[in-house]
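A.B. asks: Compact mmCIF, C-alpha atoms, file coords_15.txt:
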```
# COMPACT_ATOMS: atom_id res chain seq x y z
CA MET A 1 0.00 0.00 0.00
CA PHE A 2 1.35 3.41 -0.97
CA VAL A 3 1.00 5.88 1.92
CA ASP A 4 2.55 9.28 1.24
CA GLU A 5 1.07 11.46 4.02
CA VAL A 6 0.45 11.03 7.75
CA VAL A 7 -0.24 13.32 10.72
CA LEU A 8 1.48 12.57 14.02
CA LYS A 9 1.82 13.97 17.52
CA LEU A 10 5.36 13.80 18.87
CA ILE A 11 6.24 14.01 22.57
CA ALA A 12 9.96 13.92 23.26
CA GLY A 13 11.15 12.51 26.57
CA SER A 14 11.49 14.76 29.59
CA GLY A 15 14.81 15.02 31.36
CA GLY A 16 15.37 13.05 34.54
CA ASP A 17 15.00 14.86 37.85
CA GLY A 18 18.02 16.11 39.71
CA CYS A 19 18.74 14.67 43.16
CA THR A 20 18.96 16.47 46.50
CA ALA A 21 21.43 14.59 48.70
CA PHE A 22 24.22 15.30 51.20
CA ARG A 23 27.47 13.58 52.06
CA ARG A 24 27.34 12.17 55.56
CA GLU A 25 30.32 9.79 55.92
CA LYS A 26 31.66 9.52 59.45
CA TYR A 27 35.16 10.81 58.70
CA VAL A 28 34.26 13.47 56.11
CA GLU A 29 33.88 16.88 57.68
CA MET A 30 31.45 19.37 56.18
CA GLY A 31 30.28 16.77 53.66
CA GLY A 32 28.23 19.14 51.60
CA PRO A 33 25.81 18.53 48.68
CA PHE A 34 26.07 15.17 46.95
CA GLY A 35 23.11 14.97 44.50
CA GLY A 36 23.67 14.07 40.84
CA ASN A 37 22.04 15.46 37.69
CA GLY A 38 19.23 13.76 35.79
CA GLY A 39 19.82 12.24 32.36
CA ASN A 40 18.57 13.85 29.14
CA GLY A 41 15.22 12.75 27.71
CA ALA A 42 14.89 10.95 24.38
CA SER A 43 14.74 13.09 21.25
CA ILE A 44 12.65 12.00 18.26
CA ILE A 45 14.76 11.88 15.11
CA PHE A 46 13.64 11.33 11.51
CA LYS A 47 16.16 9.60 9.25
CA ALA A 48 15.98 9.08 5.49
CA ASP A 49 16.31 5.46 4.32
CA SER A 50 16.64 4.66 0.61
CA GLY A 51 15.18 1.20 1.27
CA LEU A 52 11.75 2.65 2.07
CA GLU A 53 9.18 3.92 -0.42
CA THR A 54 6.11 4.58 1.71
CA LEU A 55 4.99 5.81 5.15
CA LEU A 56 2.94 2.66 5.75
CA ASP A 57 4.71 1.95 9.07
CA LEU A 58 3.48 5.30 10.44
CA ARG A 59 -0.06 5.15 9.09
CA TYR A 60 -1.70 3.76 12.23
CA GLN A 61 0.46 5.63 14.75
CA LYS A 62 -1.24 8.69 16.18
CA GLU A 63 1.37 9.53 18.80
CA ILE A 64 5.05 8.79 19.29
CA LYS A 65 6.65 9.30 22.71
CA GLY A 66 10.25 9.42 23.83
CA SER A 67 11.41 7.96 27.16
CA LYS A 68 12.27 10.07 30.18
CA GLY A 69 15.89 10.38 31.27
CA GLU A 70 16.96 8.56 34.41
CA ASN A 71 16.78 10.54 37.65
CA GLY A 72 19.98 11.63 39.35
CA LYS A 73 21.13 9.77 42.45
CA GLY A 74 23.11 10.39 45.58
CA LYS A 75 26.91 10.22 45.63
CA ASN A 76 26.91 12.61 42.65
CA GLN A 77 25.69 9.88 40.32
CA ASN A 78 24.18 11.34 37.16
CA GLY A 79 21.17 9.66 35.60
CA LYS A 80 21.50 7.82 32.29
CA ASN A 81 20.39 9.58 29.09
CA ALA A 82 17.37 8.00 27.41
CA ASP A 83 17.91 6.42 24.00
CA ASP A 84 16.68 8.60 21.14
CA VAL A 85 13.73 7.42 19.04
CA VAL A 86 14.83 7.11 15.40
CA ILE A 87 12.04 6.97 12.80
CA LYS A 88 13.08 5.83 9.33
CA VAL A 89 11.29 7.43 6.40
CA PRO A 90 11.74 7.36 2.61
CA CYS A 91 14.14 9.75 0.91
CA GLY A 92 12.18 12.83 -0.15
CA THR A 93 10.25 13.09 3.11
CA VAL A 94 9.15 16.57 4.24
CA VAL A 95 8.14 17.23 7.86
CA THR A 96 5.93 20.27 8.57
CA ASP A 97 4.85 21.74 11.92
CA LEU A 98 1.04 21.99 11.75
CA GLU A 99 0.90 24.77 14.35
CA THR A 100 3.13 27.18 12.41
CA GLY A 101 2.82 25.75 8.90
CA LEU A 102 6.61 25.93 8.57
CA VAL A 103 8.84 23.17 7.19
CA LEU A 104 11.03 21.50 9.81
CA CYS A 105 13.14 19.38 7.48
CA ASP A 106 13.37 18.03 3.94
CA LEU A 107 15.26 14.73 3.97
CA LYS A 108 16.52 14.06 0.45
CA ARG A 109 19.67 11.95 0.87
CA ASN A 110 20.04 8.44 2.29
CA GLY A 111 21.16 8.63 5.92
CA GLU A 112 20.24 12.30 6.32
CA SER A 113 18.59 12.93 9.70
CA PHE A 114 16.93 15.71 11.68
CA THR A 115 15.83 16.06 15.31
CA VAL A 116 12.14 16.94 14.98
CA ALA A 117 11.32 16.94 18.73
CA LYS A 118 14.15 17.57 21.16
CA GLY A 119 14.31 15.72 24.47
CA GLY A 120 14.47 17.76 27.67
CA ARG A 121 17.78 18.19 29.49
CA GLY A 122 18.21 16.54 32.84
CA GLY A 123 17.47 18.56 35.96
CA ARG A 124 20.48 19.63 37.99
CA GLY A 125 21.19 18.03 41.35
CA ASN A 126 21.92 20.16 44.40
CA THR A 127 25.68 19.78 43.89
CA ALA A 128 25.37 21.90 40.74
CA PHE A 129 23.95 24.82 42.73
CA LYS A 130 26.79 25.00 45.24
CA THR A 131 28.44 28.45 45.39
CA LYS A 132 30.74 30.22 47.81
CA PHE A 133 27.67 32.03 49.17
CA ASN A 134 25.54 28.87 49.43
CA THR A 135 27.76 25.91 50.23
CA ALA A 136 24.90 23.54 51.07
CA PRO A 137 21.95 24.16 48.72
CA ASN A 138 18.92 22.16 49.76
CA PHE A 139 17.16 22.02 46.38
CA SER A 140 17.47 20.51 42.90
CA GLU A 141 15.59 20.73 39.58
CA ASN A 142 13.00 18.62 37.86
CA GLY A 143 13.90 17.54 34.37
CA GLU A 144 13.11 19.85 31.46
CA PRO A 145 9.90 18.84 29.62
CA GLY A 146 10.41 17.26 26.22
CA GLU A 147 9.36 19.16 23.12
CA GLU A 148 5.85 18.46 21.81
CA ARG A 149 4.81 18.92 18.18
CA LYS A 150 1.93 18.03 15.91
CA ILE A 151 3.39 17.39 12.49
CA LYS A 152 2.51 16.41 8.95
CA VAL A 153 4.86 13.95 7.27
CA GLU A 154 4.78 13.86 3.46
CA VAL A 155 6.73 11.97 0.84
CA LYS A 156 7.51 14.00 -2.28
CA LEU A 157 9.10 11.75 -4.85
CA LEU A 158 12.68 12.36 -5.93
CA ALA A 159 12.32 12.35 -9.71
CA ASP A 160 14.13 14.39 -12.38
CA ALA A 161 11.19 14.53 -14.79
CA GLY A 162 7.46 14.00 -14.35
CA LEU A 163 4.78 12.83 -16.77
CA VAL A 164 1.53 14.80 -16.45
CA GLY A 165 -1.71 14.66 -18.40
CA MET A 166 -5.32 13.59 -18.45
CA PRO A 167 -6.29 9.95 -17.74
CA SER A 168 -5.70 7.42 -20.54
CA VAL A 169 -3.37 9.62 -22.61
CA GLY A 170 -0.60 6.99 -22.51
CA LYS A 171 1.67 8.06 -19.63
CA SER A 172 1.94 4.55 -18.19
CA THR A 173 2.65 3.05 -21.59
CA PHE A 174 5.32 5.70 -22.16
CA ILE A 175 7.21 4.96 -18.92
CA SER A 176 6.92 1.19 -19.44
CA ARG A 177 8.53 1.57 -22.88
CA VAL A 178 11.48 3.75 -21.81
CA SER A 179 12.26 2.12 -18.43
CA LYS A 180 11.80 -1.09 -16.47
CA ALA A 181 8.81 0.33 -14.59
CA ARG A 182 5.75 -1.88 -14.99
CA PRO A 183 2.65 0.14 -14.10
CA LYS A 184 -0.83 -1.29 -14.55
CA ILE A 185 -2.18 -0.50 -18.03
CA ALA A 186 -5.83 -0.95 -19.00
CA GLU A 187 -8.55 0.67 -21.09
CA TYR A 188 -10.23 2.63 -18.31
CA HIS A 189 -9.53 5.83 -16.39
CA PHE A 190 -7.37 6.01 -13.28
CA THR A 191 -5.63 2.71 -13.92
CA THR A 192 -2.62 4.27 -12.20
CA LEU A 193 -3.50 4.71 -8.53
CA VAL A 194 0.01 5.42 -7.20
CA PRO A 195 3.01 7.24 -8.68
CA ASN A 196 5.45 5.03 -10.57
CA LEU A 197 9.17 5.66 -10.87
CA GLY A 198 11.44 4.38 -13.61
CA VAL A 199 15.08 4.92 -14.51
CA THR A 200 15.65 5.66 -18.18
CA LYS A 201 18.79 6.28 -20.21
CA THR A 202 19.72 8.53 -23.12
CA ARG A 203 21.72 7.38 -26.14
CA ASN A 204 24.87 8.95 -24.72
CA GLY A 205 24.55 6.97 -21.48
CA LYS A 206 23.05 9.62 -19.17
CA SER A 207 20.41 8.18 -16.86
CA PHE A 208 17.66 9.97 -14.93
CA VAL A 209 14.52 9.17 -12.92
CA LEU A 210 11.12 9.55 -14.57
CA ALA A 211 7.85 9.70 -12.60
CA ASP A 212 4.45 8.65 -13.96
CA LEU A 213 1.71 10.34 -11.93
CA PRO A 214 -1.96 9.35 -11.80
CA GLY A 215 -4.11 11.15 -14.38
CA LEU A 216 -5.24 14.67 -13.62
CA ILE A 217 -8.66 16.09 -14.39
CA GLU A 218 -10.29 19.49 -14.15
CA ASN A 219 -10.34 20.78 -10.53
CA ALA A 220 -7.69 18.25 -9.50
CA SER A 221 -6.05 20.98 -7.41
CA LEU A 222 -9.32 21.30 -5.47
CA GLY A 223 -9.64 17.59 -4.74
CA GLU A 224 -11.35 16.16 -7.82
CA GLY A 225 -10.12 12.73 -8.93
CA LEU A 226 -6.71 11.72 -7.58
CA GLY A 227 -4.80 14.86 -8.50
CA ASP A 228 -4.87 16.58 -5.13
CA ARG A 229 -3.11 13.58 -3.59
CA PHE A 230 -0.35 13.33 -6.16
CA LEU A 231 0.28 16.82 -7.53
CA LYS A 232 2.82 17.33 -4.75
CA HIS A 233 5.01 14.61 -6.25
CA ILE A 234 5.90 16.78 -9.24
CA GLU A 235 7.12 19.68 -7.10
CA ARG A 236 10.66 18.25 -7.03
CA THR A 237 10.84 17.43 -10.75
CA LYS A 238 13.04 19.67 -12.89
CA VAL A 239 11.18 19.02 -16.15
CA LEU A 240 7.50 18.40 -16.90
CA ILE A 241 6.52 16.13 -19.79
CA HIS A 242 2.96 16.93 -20.81
CA VAL A 243 1.50 13.87 -22.56
CA LEU A 244 -1.49 14.54 -24.84
CA ASP A 245 -3.85 12.18 -26.64
CA MET A 246 -3.45 13.94 -29.98
CA ALA A 247 -5.95 11.61 -31.66
CA GLY A 248 -8.68 12.62 -29.19
CA THR A 249 -9.71 9.00 -28.67
CA GLU A 250 -11.61 9.95 -25.49
CA GLY A 251 -13.64 12.57 -27.34
CA ARG A 252 -11.66 15.46 -25.85
CA ASN A 253 -9.82 18.20 -27.70
CA PRO A 254 -6.00 17.99 -27.15
CA TYR A 255 -5.62 21.76 -26.83
CA ASN A 256 -8.40 21.95 -24.23
CA ASP A 257 -6.67 19.17 -22.28
CA TYR A 258 -3.41 21.14 -22.43
CA VAL A 259 -5.05 24.30 -21.07
CA THR A 260 -6.94 22.42 -18.35
CA ILE A 261 -3.87 20.62 -17.00
CA ASN A 262 -1.75 23.78 -17.02
CA LYS A 263 -4.46 25.58 -15.09
CA GLU A 264 -4.50 22.85 -12.43
CA LEU A 265 -0.71 22.93 -12.14
CA GLU A 266 -0.76 26.70 -11.67
CA ASN A 267 -3.58 26.56 -9.12
CA PHE A 268 -1.68 23.97 -7.08
CA ASN A 269 1.70 25.75 -7.13
CA LYS A 270 2.60 28.69 -9.38
CA LYS A 271 6.26 27.58 -9.32
CA LEU A 272 5.33 24.55 -11.45
CA MET A 273 4.63 26.76 -14.47
CA LYS A 274 8.20 28.08 -14.34
CA LYS A 275 9.62 24.60 -14.95
CA PRO A 276 10.62 23.60 -18.51
CA MET A 277 7.75 21.76 -20.19
CA ILE A 278 7.99 19.34 -23.11
CA ILE A 279 4.89 18.37 -25.13
CA VAL A 280 4.56 14.69 -26.09
CA ALA A 281 1.92 14.31 -28.82
CA ASN A 282 0.97 10.68 -28.28
CA LYS A 283 -1.16 8.26 -30.33
CA MET A 284 0.09 9.74 -33.61
CA ASP A 285 -0.54 6.34 -35.23
CA GLN A 286 -4.28 6.85 -34.94
CA GLU A 287 -6.75 8.59 -37.23
CA GLY A 288 -7.16 12.33 -36.83
CA ALA A 289 -3.92 12.80 -34.87
CA LYS A 290 -2.10 14.66 -37.69
CA ASP A 291 -4.92 17.16 -38.20
CA ASN A 292 -5.25 17.79 -34.47
CA LEU A 293 -1.51 18.34 -34.19
CA GLU A 294 -1.56 20.97 -36.92
CA GLU A 295 -4.31 22.86 -35.11
CA PHE A 296 -2.46 22.48 -31.81
CA LYS A 297 0.78 23.92 -33.21
CA LYS A 298 -1.08 27.05 -34.37
CA LYS A 299 -2.06 27.76 -30.75
CA VAL A 300 1.04 26.56 -28.91
CA LYS A 301 4.26 27.92 -30.39
CA ASP A 302 6.57 28.25 -27.39
CA LYS A 303 6.99 24.57 -26.48
CA LYS A 304 9.07 21.72 -27.88
CA ILE A 305 6.67 19.15 -29.34
CA PHE A 306 7.50 15.48 -30.05
CA GLU A 307 5.33 13.19 -32.17
CA VAL A 308 5.25 9.68 -30.69
CA SER A 309 3.26 6.49 -30.48
CA ALA A 310 3.85 4.93 -27.07
CA TYR A 311 1.88 1.86 -28.20
CA LEU A 312 4.19 1.25 -31.16
CA GLY A 313 7.27 2.58 -29.36
CA THR A 314 8.10 5.15 -32.08
CA GLY A 315 9.73 8.51 -31.28
CA LEU A 316 10.23 7.77 -27.58
CA GLN A 317 14.03 7.72 -27.51
CA ASP A 318 14.16 11.19 -29.06
CA VAL A 319 12.05 12.48 -26.16
CA VAL A 320 14.34 10.79 -23.61
CA ASP A 321 17.48 12.24 -25.25
CA TYR A 322 16.02 15.74 -25.25
CA ILE A 323 14.98 15.48 -21.59
CA GLY A 324 18.57 14.53 -20.79
CA GLU A 325 19.85 17.65 -22.56
CA VAL A 326 17.41 19.90 -20.69
CA LEU A 327 18.36 18.34 -17.34
CA ASP A 328 22.03 19.06 -17.99
CA SER A 329 21.24 22.77 -18.24
CA ILE A 330 19.23 22.99 -15.00
CA LYS A 331 20.83 23.62 -11.62
CA ASP A 332 19.60 21.95 -8.45
CA GLU A 333 17.31 24.19 -6.42
CA ASP A 334 15.88 23.85 -2.92
CA LEU A 335 12.19 23.03 -2.84
CA TYR A 336 11.46 25.57 -0.10
CA GLY A 337 12.44 29.19 0.38
CA GLU A 338 13.82 30.70 3.59
CA ASP A 339 10.40 32.10 4.51
CA GLU A 340 8.97 28.55 4.57
CA ILE A 341 11.61 26.87 6.80
CA GLU A 342 11.25 27.09 10.57
CA SER A 343 14.97 27.32 11.35
CA GLU A 344 15.23 30.37 9.08
CA VAL A 345 12.02 32.13 10.11
CA LEU A 346 11.71 31.62 13.86
CA TYR A 347 15.32 31.91 14.91
CA LYS A 348 16.58 34.48 12.46
CA TYR A 349 13.71 36.93 12.21
CA THR A 350 11.57 36.59 15.35
CA ARG A 351 12.07 36.36 19.09
CA PRO A 352 9.16 34.95 21.08
CA ASP A 353 7.95 36.88 24.12
CA LYS A 354 9.16 35.52 27.46
CA PHE A 355 5.73 35.86 29.05
CA LYS A 356 2.22 37.25 28.65
CA ILE A 357 -0.13 38.28 31.47
CA THR A 358 -3.92 38.38 31.03
CA ARG A 359 -6.94 38.70 33.36
CA ASP A 360 -9.36 35.84 33.99
CA GLY A 361 -12.03 37.46 36.13
CA GLU A 362 -10.20 38.68 39.22
CA ASP A 363 -7.23 36.35 38.67
CA PHE A 364 -4.03 37.05 36.76
CA VAL A 365 -2.86 34.40 34.27
CA ILE A 366 0.81 34.17 33.28
CA GLU A 367 1.64 32.34 30.03
CA GLY A 368 4.82 31.82 28.04
CA LYS A 369 7.16 28.96 27.16
CA GLU A 370 10.06 30.24 29.23
CA ILE A 371 8.14 30.84 32.48
CA GLU A 372 6.14 27.62 32.08
CA LYS A 373 9.33 25.61 31.59
CA LEU A 374 10.89 27.24 34.66
CA PHE A 375 7.77 26.40 36.66
CA LYS A 376 7.79 22.72 35.59
CA MET A 377 11.47 22.37 36.48
CA THR A 378 11.08 23.83 39.98
CA LYS A 379 10.66 21.50 42.97
CA PHE A 380 8.44 23.51 45.28
CA GLU A 381 8.97 21.10 48.21
CA SER A 382 12.03 23.17 49.10
CA ARG A 383 11.81 26.72 50.45
CA GLU A 384 15.07 27.55 48.67
CA ALA A 385 13.60 26.41 45.36
CA GLU A 386 10.54 28.63 45.93
CA LEU A 387 12.74 31.66 46.59
CA ARG A 388 14.84 30.94 43.51
CA PHE A 389 11.68 30.71 41.37
CA ALA A 390 10.42 34.04 42.81
CA LYS A 391 13.75 35.73 42.05
CA ARG A 392 13.70 34.44 38.46
CA MET A 393 10.16 35.75 37.99
CA SER A 394 11.22 39.15 39.30
CA LYS A 395 14.28 39.20 37.06
CA MET A 396 12.09 38.47 34.01
CA GLY A 397 9.96 41.51 34.86
CA ILE A 398 6.82 39.62 35.83
CA ASP A 399 6.45 41.28 39.26
CA LYS A 400 6.80 44.70 37.69
CA GLU A 401 4.20 43.89 35.04
CA LEU A 402 1.72 42.51 37.61
CA LYS A 403 2.04 45.66 39.67
CA LYS A 404 1.54 47.75 36.55
CA MET A 405 -1.68 45.83 35.84
CA GLY A 406 -3.00 46.62 39.33
CA ALA A 407 -2.18 43.45 41.29
CA LYS A 408 -2.54 43.80 45.08
CA ASP A 409 -1.50 41.66 48.04
CA GLY A 410 -3.62 38.52 48.20
CA ASP A 411 -4.62 38.51 44.50
CA MET A 412 -4.46 35.10 42.85
CA VAL A 413 -1.94 34.44 40.09
CA ARG A 414 -2.14 31.33 37.89
CA ILE A 415 0.58 29.55 35.93
CA LEU A 416 -0.76 26.51 34.06
CA ASP A 417 -3.14 24.84 36.59
CA PHE A 418 -1.48 26.16 39.75
CA TYR A 419 -2.42 29.23 41.81
CA PHE A 420 -0.22 31.55 43.90
CA GLU A 421 -0.94 34.57 46.07
CA TYR A 422 0.63 37.83 44.94
CA HIS A 423 2.73 39.74 47.53
CA GLU A 424 4.77 42.86 46.91
```
Show me this structure written as structure tokens.

C.D. replies:
Amino acid sequence: MFVDEVVLKLIAGSGGDGCTAFRREKYVEMGGPFGGNGGNGASIIFKADSGLETLLDLRYQKEIKGSKGENGKGKNQNGKNADDVVIKVPCGTVVTDLETGLVLCDLKRNGESFTVAKGGRGGRGNTAFKTKFNTAPNFSENGEPGEERKIKVEVKLLADAGLVGMPSVGKSTFISRVSKARPKIAEYHFTTLVPNLGVTKTRNGKSFVLADLPGLIENASLGEGLGDRFLKHIERTKVLIHVLDMAGTEGRNPYNDYVTINKELENFNKKLMKKPMIIVANKMDQEGAKDNLEEFKKKVKDKKIFEVSAYLGTGLQDVVDYIGEVLDSIKDEDLYGEDEIESEVLYKYTRPDKFKITRDGEDFVIEGKEIEKLFKMTKFESREAELRFAKRMSKMGIDKELKKMGAKDGDMVRILDFYFEYHE
């Protein structure tokens, strides 16, 4: 089964908790803090594998979780790091964050990997907080929460050239003649239900990958037929080969087919119309094909047109040789621009706010990734930990902002599901 798109929730492992412990051996004076750090949580890593062709293994998984790091122990023993979760996907896999709509990674080469959800770091034990002013700290940290993401995983085929056209125009026959691909061929529409790849070779020995995509129809970009599922597979191709039934055996006009398909390509992604396009006038062995071709050439004068009969196998090698020449003149380009990639957009151009304070009735609600992470990592069982948390809040400017918003002694302040009393 060919599965080329799945939606997943990822929850990376949290870091292990730090340990609060003290050295109490009989002959060791002033033993001091002795608690170790927690281990790092498991990250979730996607890795491209050339041996895979589909996302079938992920189809029935709704959620993937990483393990928590081991907690720190006494005697300054650090917890063990959790093993990362490695998910193998086909080459050409694109991972997108559904919350932001930005691309996280585009894995094109075998073995290429990317950490999609980062595991939390281990919490520090009380030994790590020892200073010359506080030689016996009585607190430690919880582990940092693991990163959570809801993502879309898509496979976009790695092909140099793509065959596009209406159903039953001869695309499958074409690819079966010029390569070892063996797609299903029959006398009805939508015989091809999944994209087919084939490696073909020019007369001078240059080889390239050709993709045969399921037939498009009008409004394919809006979900009609199978086009909306497979149009994405031609985004990587460098050259488009538009196959037309020049004999009009289905009762359609070849020029109308040409206009319809181009419109769907443009509606799906305007960048597709900037790619070189070659016209393959197929079924030239049938009645009426010559007359239709003459009319077609009067309307389309800016494209290279090849006359072929995929059924008889005539004229196909000339098309393959010309595609090879065009590919030689095209440079590799990235599929996505900087404004579409998260690492470029979020970290280069924006800086998220540290916190936001709103009113919920008479209560004050504090939100923000940084303050929420600090809260989750604080062990409030210790008075020292509480004071440290209060100082960090003050340093971030939260106390000042609460006062500015009219907070008074005794007012309730909420972070996540926990309430505190405000005191100046």

A.B. asks: Which residue out of A:Tyr258, A:Tyr322, A:Tyr311, A:Phe34 has the minimum interatomic distance to Phe208 (chain A) when only C-alpha atoms are used?

C.D. replies: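 The shortest atom-to-atom distance to Phe208 (chain A) comes from A:Tyr322.
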
A.B. asks: Env of Gly406 (chain A): 12 Å cut, atoms = all atoms listed in the file, seq-sep filter 5 positions within chain, self excluded. Answer as a list of chain:residue names.

C.D. replies: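 Within the cut-off, the hits are A:Ile357, A:Thr358, A:Arg359, A:Glu362, A:Asp363, A:Phe364, A:Asp399, A:Lys400, A:Glu401, A:Asp411, A:Tyr422, A:Glu424.
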
A.B. asks: Output C-alpha atoms of each residue in that selection to a file, as a short mmCIF file (atom, residue, chain, number, x, y, z; two decimals), keeping the file's coordinate frame.

C.D. replies:
```cif
data_model
loop_
_atom_site.label_atom_id
_atom_site.label_comp_id
_atom_site.auth_asym_id
_atom_site.auth_seq_id
_atom_site.Cartn_x
_atom_site.Cartn_y
_atom_site.Cartn_z
CA ILE A 357 -0.13 38.28 31.47
CA THR A 358 -3.92 38.38 31.03
CA ARG A 359 -6.94 38.70 33.36
CA GLU A 362 -10.20 38.68 39.22
CA ASP A 363 -7.23 36.35 38.67
CA PHE A 364 -4.03 37.05 36.76
CA ASP A 399 6.45 41.28 39.26
CA LYS A 400 6.80 44.70 37.69
CA GLU A 401 4.20 43.89 35.04
CA ASP A 411 -4.62 38.51 44.50
CA TYR A 422 0.63 37.83 44.94
CA GLU A 424 4.77 42.86 46.91
#
```

A.B. asks: Could you please give me, as a list in words, the residues of protein, DNA or RNA lying at most 10 Å from (4.8, 17.5, -3.2) in the coordinate frame of the file, considering only C-alpha atoms?

C.D. replies: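 Returned residue set, sorted by chain then number, is Asp4, Gly92, Thr93, Val94, Glu154, Val155, Lys156, Leu157, Leu158, Asp228, Arg229, Phe230, Leu231, Lys232, His233, Ile234, Glu235, Arg236, Thr237, Phe268, Asn269 and Leu335 of chain A.
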
A.B. asks: In Å, how far is it from CA of Gly123 (chain A) to CA of Asp97 (chain A)?

C.D. replies: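 So the answer is 27.3 Å.
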
A.B. asks: In Å, with one decimal, what is the gap from CA of Leu10 (chain A) to CA of Ile44 (chain A)?

C.D. replies: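 CA of Ile44 (chain A) lies at a distance of 7.5 Å from CA of Leu10 (chain A).
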
A.B. asks: Check the smallest atom-to-atom distance from each of A:Asn292, A:Lys62, A:Lys130, A:Ser168 to Lys150 (chain A) using only C-alpha atoms, then report the winner.

C.D. replies: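 With only C-alpha atoms as the atom set, the closest residue is A:Lys62.
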
A.B. asks: Restricting the calculation to all atoms listed in the file, which member of A:Val89, A:Val320, A:Leu272, A:Met166 is positioned closest to Thr200 (chain A)?

C.D. replies: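 Once distances to Thr200 (chain A) are computed over all atoms listed in the file, the minimum belongs to A:Val320.
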
A.B. asks: Which residue is closest to Leu56 (chain A)? Choose from A:Val326, A:Val3, A:Leu104, A:Ala12 and count only C-alpha atoms.

C.D. replies: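 Of A:Val326, A:Val3, A:Leu104, A:Ala12, the one nearest Leu56 (chain A) is A:Val3, counting only C-alpha atoms.
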
A.B. asks: Please, what distance in Å, to one decimal, runs between CA of Ser309 (chain A) and CA of Lys283 (chain A)?

C.D. replies: 4.8 Å

A.B. asks: Let me make sure I understand: among A:Gly198, A:Gly66, A:Gly122, A:Gly111, which one has the smallest atom-to-atom distance to Glu148 (chain A) if we use only C-alpha atoms?

C.D. replies: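 Of A:Gly198, A:Gly66, A:Gly122, A:Gly111, the one nearest Glu148 (chain A), counting only C-alpha atoms, is A:Gly66.
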
A.B. asks: For Gly32 (chain A), list every protein, DNA or RNA residue within 6 Å, evaluated using only C-alpha atoms, and leave out those in the same chain fewer than 6 positions away; present the list as a VMD selection string.

C.D. replies: chain A and resid 22 to 23 136

A.B. asks: Which residues are close to Cys19 (chain A), i.e. within 7 Å by all atoms listed in the file, leaving aside same-chain residues fewer than 3 positions away? Reply as a tab-separated table (two decimals) with C-alpha atoms, keeping the file's coordinate frame.

C.D. replies:
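Full text of around.tsv as output:
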```
chain	number	residue	atom	x	y	z
A	35	GLY	CA	23.11	14.97	44.50
A	36	GLY	CA	23.67	14.07	40.84
A	37	ASN	CA	22.04	15.46	37.69
A	72	GLY	CA	19.98	11.63	39.35
A	73	LYS	CA	21.13	9.77	42.45
A	74	GLY	CA	23.11	10.39	45.58
A	125	GLY	CA	21.19	18.03	41.35
A	126	ASN	CA	21.92	20.16	44.40
A	140	SER	CA	17.47	20.51	42.90
```

A.B. asks: Near Lys171 (chain A), counting all atoms listed in the file, which residues have an atom at most 7 Å away, once you skip same-chain residues fewer than 5 positions from it, shown as a ChimeraX atom specification?

C.D. replies: /A:163,212,243

A.B. asks: List as a PDB file with C-alpha atoms, in the frame of the given file the protein and nucleic acid residues near Leu210 (chain A), meaning an atom at most 8 Å away when only C-alpha atoms are counted, but skip any in the same chain fewer than 5 places from it.

C.D. replies:
```pdb
ATOM      1  CA  ALA A 159      12.320  12.350  -9.710  1.00  0.00           C
ATOM      2  CA  ASP A 160      14.130  14.390 -12.380  1.00  0.00           C
ATOM      3  CA  ALA A 161      11.190  14.530 -14.790  1.00  0.00           C
ATOM      4  CA  GLY A 162       7.460  14.000 -14.350  1.00  0.00           C
ATOM      5  CA  LEU A 163       4.780  12.830 -16.770  1.00  0.00           C
ATOM      6  CA  ILE A 175       7.210   4.960 -18.920  1.00  0.00           C
ATOM      7  CA  LEU A 197       9.170   5.660 -10.870  1.00  0.00           C
ATOM      8  CA  GLY A 198      11.440   4.380 -13.610  1.00  0.00           C
ATOM      9  CA  VAL A 199      15.080   4.920 -14.510  1.00  0.00           C
ATOM     10  CA  THR A 200      15.650   5.660 -18.180  1.00  0.00           C
TER      11      THR A 200
END
```

A.B. asks: Using all atoms listed in the file, which of A:Leu374, A:Val169, A:Val178, A:Leu102 sits nearest Ala281 (chain A)?

C.D. replies: A:Val169
